[in-house]
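Structure file model.cif (mmCIF, C-alpha atoms and all ligand atoms) is printed below.
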```cif
data_coords
loop_
_atom_site.label_atom_id
_atom_site.label_comp_id
_atom_site.auth_asym_id
_atom_site.auth_seq_id
_atom_site.Cartn_x
_atom_site.Cartn_y
_atom_site.Cartn_z
CA MET H 153 80.37 74.80 95.41
CA ALA H 154 83.19 73.00 93.67
CA ALA H 155 84.35 74.66 90.49
CA GLU H 156 83.14 72.64 87.53
CA LYS H 157 85.39 72.04 84.58
CA ILE H 158 84.26 74.35 81.81
CA PRO H 159 83.46 72.18 78.78
CA CYS H 160 85.02 73.06 75.46
CA PRO H 161 82.81 75.76 73.87
CA TYR H 162 83.04 74.06 70.47
CA CYS H 163 82.25 70.41 71.22
CA LYS H 164 80.95 70.61 74.81
CA GLY H 165 83.27 67.79 75.73
CA ALA H 166 82.44 65.45 72.83
CA LEU H 167 85.94 65.98 71.32
CA PHE H 168 84.44 65.86 67.83
CA ILE H 169 82.51 68.46 65.90
CA ASN H 170 80.26 68.08 62.90
CA THR H 171 81.54 69.96 59.92
CA GLY H 172 78.72 69.37 57.47
CA TYR H 173 77.26 66.36 55.76
CA THR H 174 78.36 63.79 53.24
CA GLU H 175 75.87 62.39 50.76
CA LYS H 176 75.54 58.69 50.23
CA ILE H 177 73.13 56.76 48.08
CA GLN H 178 71.87 53.78 49.98
CA ASN H 179 69.11 51.42 48.82
CA GLY H 180 68.38 53.85 46.03
CA ARG H 181 67.87 56.73 48.41
CA LEU H 182 70.02 59.74 49.02
CA THR H 183 71.05 59.89 52.66
CA LEU H 184 72.96 62.60 54.46
CA TYR H 185 75.52 61.55 57.03
CA PRO H 186 77.02 64.01 59.48
CA PHE H 187 80.70 64.43 58.87
CA ALA H 188 82.68 64.72 62.08
CA GLN H 189 86.24 65.83 62.63
CA PRO H 190 88.37 66.17 65.76
CA CYS H 191 87.40 69.29 67.69
CA TYR H 192 89.77 72.25 68.08
CA CYS H 193 90.42 71.21 71.68
CA GLU H 194 91.58 67.78 70.48
CA LEU H 195 93.70 69.32 67.72
CA ASN H 196 95.29 71.73 70.18
CA HIS H 197 96.02 68.80 72.44
CA SER H 198 97.63 66.83 69.61
CA ILE H 199 99.69 69.84 68.54
CA GLY H 200 100.94 70.33 72.10
CA LYS H 201 101.85 66.66 72.33
CA LYS H 202 103.78 66.67 69.08
CA PHE H 203 105.49 70.02 69.61
CA GLY H 204 106.55 70.45 73.21
CA MET H 205 107.34 74.13 72.74
CA LEU H 206 103.67 74.81 71.97
CA TYR H 207 102.29 72.73 74.84
CA ALA H 208 102.04 75.34 77.60
CA LEU H 209 100.44 78.02 75.42
CA PRO H 210 96.71 78.76 75.41
CA ASP H 211 94.67 76.76 72.89
CA ALA H 212 94.67 78.37 69.47
CA THR H 213 91.18 79.50 68.49
CA PRO H 214 89.71 78.81 65.04
CA GLU H 215 89.32 82.58 64.55
CA ASP H 216 93.02 83.16 65.16
CA SER H 217 93.85 80.24 62.91
CA GLU H 218 91.85 81.74 60.06
CA ALA H 219 93.43 85.15 60.66
CA VAL H 220 96.96 83.75 60.66
CA HIS H 221 96.36 81.74 57.49
CA LYS H 222 94.88 84.74 55.77
CA LYS H 223 97.83 86.87 56.76
CA TYR H 224 100.67 84.50 55.93
CA ASN H 225 99.36 82.43 53.05
CA GLU H 226 99.52 85.20 50.54
CA LYS H 227 102.45 84.03 48.54
CA GLY H 228 103.82 87.12 46.89
CA LYS H 229 107.46 87.71 46.09
CA ASN H 230 108.42 86.11 49.36
CA LYS H 231 106.82 82.74 48.39
CA GLY H 232 105.48 82.35 51.89
CA ASN H 233 108.88 82.82 53.55
CA PHE H 234 108.94 84.99 56.64
CA ILE H 235 111.37 86.18 59.27
CA PHE H 236 109.53 86.92 62.48
CA TYR H 237 111.09 88.85 65.33
CA GLY H 238 109.88 90.18 68.64
CA ASP H 239 107.78 88.56 71.36
CA GLU H 240 108.55 84.84 71.38
CA PRO H 241 105.42 83.51 73.17
CA SER H 242 103.26 85.42 70.68
CA PHE H 243 105.24 83.97 67.84
CA ARG H 244 104.71 80.47 69.22
CA TYR H 245 101.00 81.14 69.52
CA THR H 246 101.00 82.30 65.90
CA VAL H 247 102.61 79.00 64.92
CA LYS H 248 100.09 77.04 66.99
CA SER H 249 97.26 78.92 65.29
CA TYR H 250 98.73 78.16 61.89
CA PHE H 251 99.16 74.48 62.73
CA LEU H 252 95.56 74.22 63.97
CA LYS H 253 94.31 74.47 60.43
CA GLY H 254 95.45 71.56 58.36
CA PHE H 255 97.08 69.67 61.22
CA THR H 256 95.32 66.47 60.15
CA HIS H 257 96.33 66.64 56.51
CA SER H 258 99.42 68.86 56.26
CA SER H 259 102.92 68.21 57.50
CA TYR H 260 104.54 70.77 59.72
CA GLU H 261 107.85 70.82 61.52
CA LEU H 262 108.92 73.21 64.25
CA LEU H 263 112.39 73.20 65.70
CA GLU H 264 115.33 75.17 66.97
CA GLY H 265 118.40 75.26 64.77
CA VAL H 266 120.21 72.87 67.06
CA ASN H 267 117.36 70.32 66.70
CA ILE H 268 118.09 70.16 62.98
CA VAL H 269 121.54 68.87 63.82
CA ASP H 270 120.25 66.50 66.54
CA LYS H 271 117.30 65.12 64.66
CA TYR H 272 118.22 65.24 61.00
CA ASN H 273 121.98 65.17 60.70
CA ARG H 274 123.12 62.04 62.45
CA PRO H 275 122.98 58.28 62.04
CA ASP H 276 119.62 56.76 62.97
CA SER H 277 120.10 54.79 66.19
CA ASP H 278 117.88 51.92 65.01
CA THR H 279 118.88 51.39 61.41
CA GLY H 280 122.32 53.01 61.35
CA ALA H 281 121.26 54.75 58.16
CA ARG H 282 122.33 58.34 58.02
CA LEU H 283 119.41 60.68 58.44
CA SER H 284 119.49 63.62 56.19
CA ILE H 285 118.43 67.23 56.45
CA GLY H 286 116.87 66.50 53.05
CA LEU H 287 113.99 64.98 55.03
CA LEU H 288 113.01 68.53 55.91
CA ASP H 289 112.23 69.18 52.25
CA GLN H 290 109.03 67.17 52.46
CA TYR H 291 107.24 69.38 55.00
CA ASP H 292 104.56 71.82 53.92
CA LEU H 293 105.97 74.32 56.41
CA VAL H 294 109.19 74.29 58.42
CA VAL H 295 109.52 76.75 61.28
CA ILE H 296 113.04 77.30 62.59
CA LEU H 297 113.67 79.21 65.78
CA PHE H 298 117.06 80.87 65.78
CA THR H 299 117.25 80.51 69.54
CA SER H 300 119.81 77.75 70.07
CA ARG H 301 122.04 78.19 73.09
CA SER H 302 124.69 75.72 72.02
CA GLU H 303 126.53 75.68 68.73
CA PRO H 304 127.54 72.29 67.37
CA PRO H 305 130.15 72.65 64.62
CA THR H 306 127.67 71.82 61.85
CA LEU H 307 124.88 74.11 63.05
CA LYS H 308 125.35 77.04 60.69
CA ALA H 309 125.90 74.82 57.65
CA CYS H 310 122.87 72.63 58.41
CA VAL H 311 120.53 75.57 58.89
CA ALA H 312 121.81 77.27 55.75
CA ASP H 313 121.31 74.04 53.73
CA VAL H 314 117.74 73.58 54.95
CA VAL H 315 116.82 77.15 54.04
CA LYS H 316 118.50 76.90 50.60
CA ASN H 317 116.92 73.53 49.78
CA ARG H 318 113.45 74.69 50.65
CA LEU H 319 113.89 77.90 48.65
CA ARG H 320 114.95 75.84 45.66
CA ILE H 321 111.88 73.62 45.79
CA GLU H 322 109.69 76.61 46.71
CA ARG H 323 108.36 75.40 50.00
CA PRO H 324 107.82 77.97 52.72
CA THR H 325 110.08 78.39 55.71
CA TRP H 326 109.48 80.57 58.72
CA ILE H 327 112.36 81.83 60.79
CA TYR H 328 112.05 83.34 64.22
CA ALA H 329 114.74 85.39 65.95
CA PRO H 330 114.44 87.57 69.04
CA ASP H 331 115.84 90.56 67.15
CA LYS H 332 115.59 91.74 63.59
CA THR H 333 119.36 91.53 63.41
CA LEU H 334 119.80 87.83 62.99
CA ASP H 335 123.57 87.89 63.28
CA THR H 336 123.50 87.68 67.05
CA THR H 337 122.02 84.15 66.78
CA LYS H 338 124.07 80.97 66.62
CA GLU H 339 122.21 79.81 63.51
CA TYR H 340 123.01 82.81 61.35
CA SER H 341 125.87 82.81 58.88
CA LYS H 342 126.94 85.27 56.20
CA ASP H 343 126.45 82.43 53.74
CA LEU H 344 122.74 82.60 54.48
CA ALA H 345 122.32 86.34 53.92
CA PRO H 346 121.70 86.35 50.15
CA PHE H 347 119.06 83.64 50.53
CA LEU H 348 117.11 85.61 53.08
CA GLU H 349 116.74 88.65 50.86
CA THR H 350 113.32 87.65 49.55
CA PHE H 351 111.96 86.82 53.01
CA SER H 352 109.42 89.26 54.47
CA TYR H 353 110.13 90.62 57.93
CA VAL H 354 107.31 90.64 60.46
CA GLU H 355 107.55 92.26 63.85
CA ILE H 356 105.46 90.20 66.18
CA GLY H 357 103.69 92.04 68.99
CA SER H 358 101.76 90.52 71.83
CA THR H 359 98.21 91.73 71.20
CA ALA H 360 97.44 90.51 67.70
CA TYR H 361 95.05 87.64 68.41
CA THR H 362 91.91 86.93 70.40
CA GLY H 363 93.29 83.86 72.13
CA PHE H 364 96.45 85.52 73.32
CA SER H 365 96.98 89.00 74.60
CA ASP H 366 99.00 91.10 76.97
CA GLY H 367 96.29 90.52 79.51
CA ASP H 368 94.53 87.30 80.39
CA SER H 369 94.08 84.45 77.97
CA GLU H 370 90.53 83.46 77.03
CA LYS H 371 90.84 80.49 79.35
CA VAL H 372 91.79 82.67 82.30
CA LYS H 373 89.07 85.16 81.39
CA ASN H 374 86.50 82.32 81.39
CA GLN H 375 87.77 81.08 84.72
CA LYS H 376 87.56 84.56 86.20
CA ALA H 377 84.04 85.04 84.82
CA ARG H 378 83.05 81.73 86.36
CA LYS H 379 84.54 82.64 89.74
CA LEU H 380 82.72 85.95 89.65
CA GLN H 381 79.43 84.16 88.91
CA ASP H 382 80.05 81.73 91.75
CA ALA H 383 80.79 84.61 94.09
CA LEU H 384 77.67 86.47 93.02
CA GLY H 385 75.62 83.28 93.35
CA SER H 386 76.78 82.74 96.92
CA LEU H 387 75.80 86.33 97.80
CA LYS H 388 72.18 85.67 96.88
CA ARG H 389 71.87 82.70 99.20
ZN ZN H 401 86.26 70.57 71.89
#
```
Written as structure tokens, that's how I'd like the structure from this file.
Ligand SMILES: [Zn+2]
Amino acid sequence: MAAEKIPCPYCKGALFINTGYTEKIQNGRLTLYPFAQPCYCELNHSIGKKFGMLYALPDATPEDSEAVHKKYNEKGKNKGNFIFYGDEPSFRYTVKSYFLKGFTHSSYELLEGVNIVDKYNRPDSDTGARLSIGLLDQYDLVVILFTSRSEPPTLKACVADVVKNRLRIERPTWIYAPDKTLDTTKEYSKDLAPFLETFSYVEIGSTAYTGFSDGDSEKVKNQKARKLQDALGSLKR
């Protein structure tokens, strides 16, 4: 028996899910129309397409998305600014889970420090106009991974400017570094230190969410369960 593709548990392959009803008055009568939105599988796909570094991860689940939003949307003294350190794949999954909610109506950017220089601090190849790191001000959330391997001369200054600008306009920034001590990264500069004082530190482990754990992902678990069922089925025959 050939292994069938397991349909998405949320939309069963339809790629859209109904999320309630909208009311419309038509010919003097109130009519309810189902309101559909892209399914989580479609959103995960779009997120992976837009952000290559999230592509290979398991799909973020709506439960994890809710949990991550609940955890990191409380804007206390830190104004939603966090420094994450620890397990990088888990951090990326956290980001994917966060992006899942609001991906269709919020603007998110995710990049390594060196991408800020590449993408936002050079002349645009089409128009010749100078792109500006000021463009990063507009995003609802900017996630910067302090994981660059190369260090262009403007790296530290660009990263520091982005963080300062966003603090000034009170828009949240997430920073990730492998270790709590940021000064081993190429992005970190002493100039940045006073601006990071209000950021909350979060150690990121690898077992926090349902969709991603030390063991198998949900997808792998489903596949294994399916294989087991197939094996048991063939025993009966
Ligand atoms: Zn789906």
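Checking H:Glu264, H:Glu303, H:Asp211, H:Asp239 one by one against ligand ZN 401 (chain H), counting all atoms listed in the file, you find the shortest gap at H:Asp211.
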Counting only C-alpha atoms and all ligand atoms, the residue of H:Arg181, H:Cys193, H:Ile169, H:Asn317 that sits nearest ligand ZN 401 (chain H): H:Cys193
Protein and nucleic acid residues within 8 Å of ligand ZN 401 (chain H) (all atoms listed in the file) as number ranges by chain: H: 159-169, 190-194
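Using all atoms listed in the file, the shortest contact distance between Glu339 (chain H) and any of H:Asp313, H:Glu355, H:Glu175, H:Glu261 is found at H:Asp313.
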Which of H:Val354, H:Ala188, H:Ala212, H:Leu206 sits closest to Tyr173 (chain H) [using all atoms listed in the file]: H:Ala188
Using all atoms listed in the file: which of H:Asn230, H:Ser217, H:Ser242, H:Ser258 has the shortest distance to Phe347 (chain H):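 That would be H:Asn230, the residue with the smallest distance to Phe347 (chain H).
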Atomic distance CA of Ala208 (chain H) - CA of His257 (chain H), expressed in Å with one decimal: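 So the two atoms, CA of Ala208 (chain H) and CA of His257 (chain H), lie 23.5 Å apart.
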Among listed residues H:Ala329, H:Val315, H:Val247, H:Ile321, nearest Asp343 (chain H) (using only C-alpha atoms):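 Result for the nearest residue to Asp343 (chain H): H:Val315.
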Contacts of Phe298 (chain H) within 10 Å, all atoms listed in the file, excl. fewer than 2 positions in-chain, as an NGL selection string: :H and (237 or 263-266 or 295-296 or 300-301 or 311 or 327-331 or 334-340)
For CA of Lys231 (chain H) and CA of Tyr260 (chain H), the interatomic separation in Å (one decimal):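 Interatomic distance, CA of Lys231 (chain H) to CA of Tyr260 (chain H): 16.6 Å.
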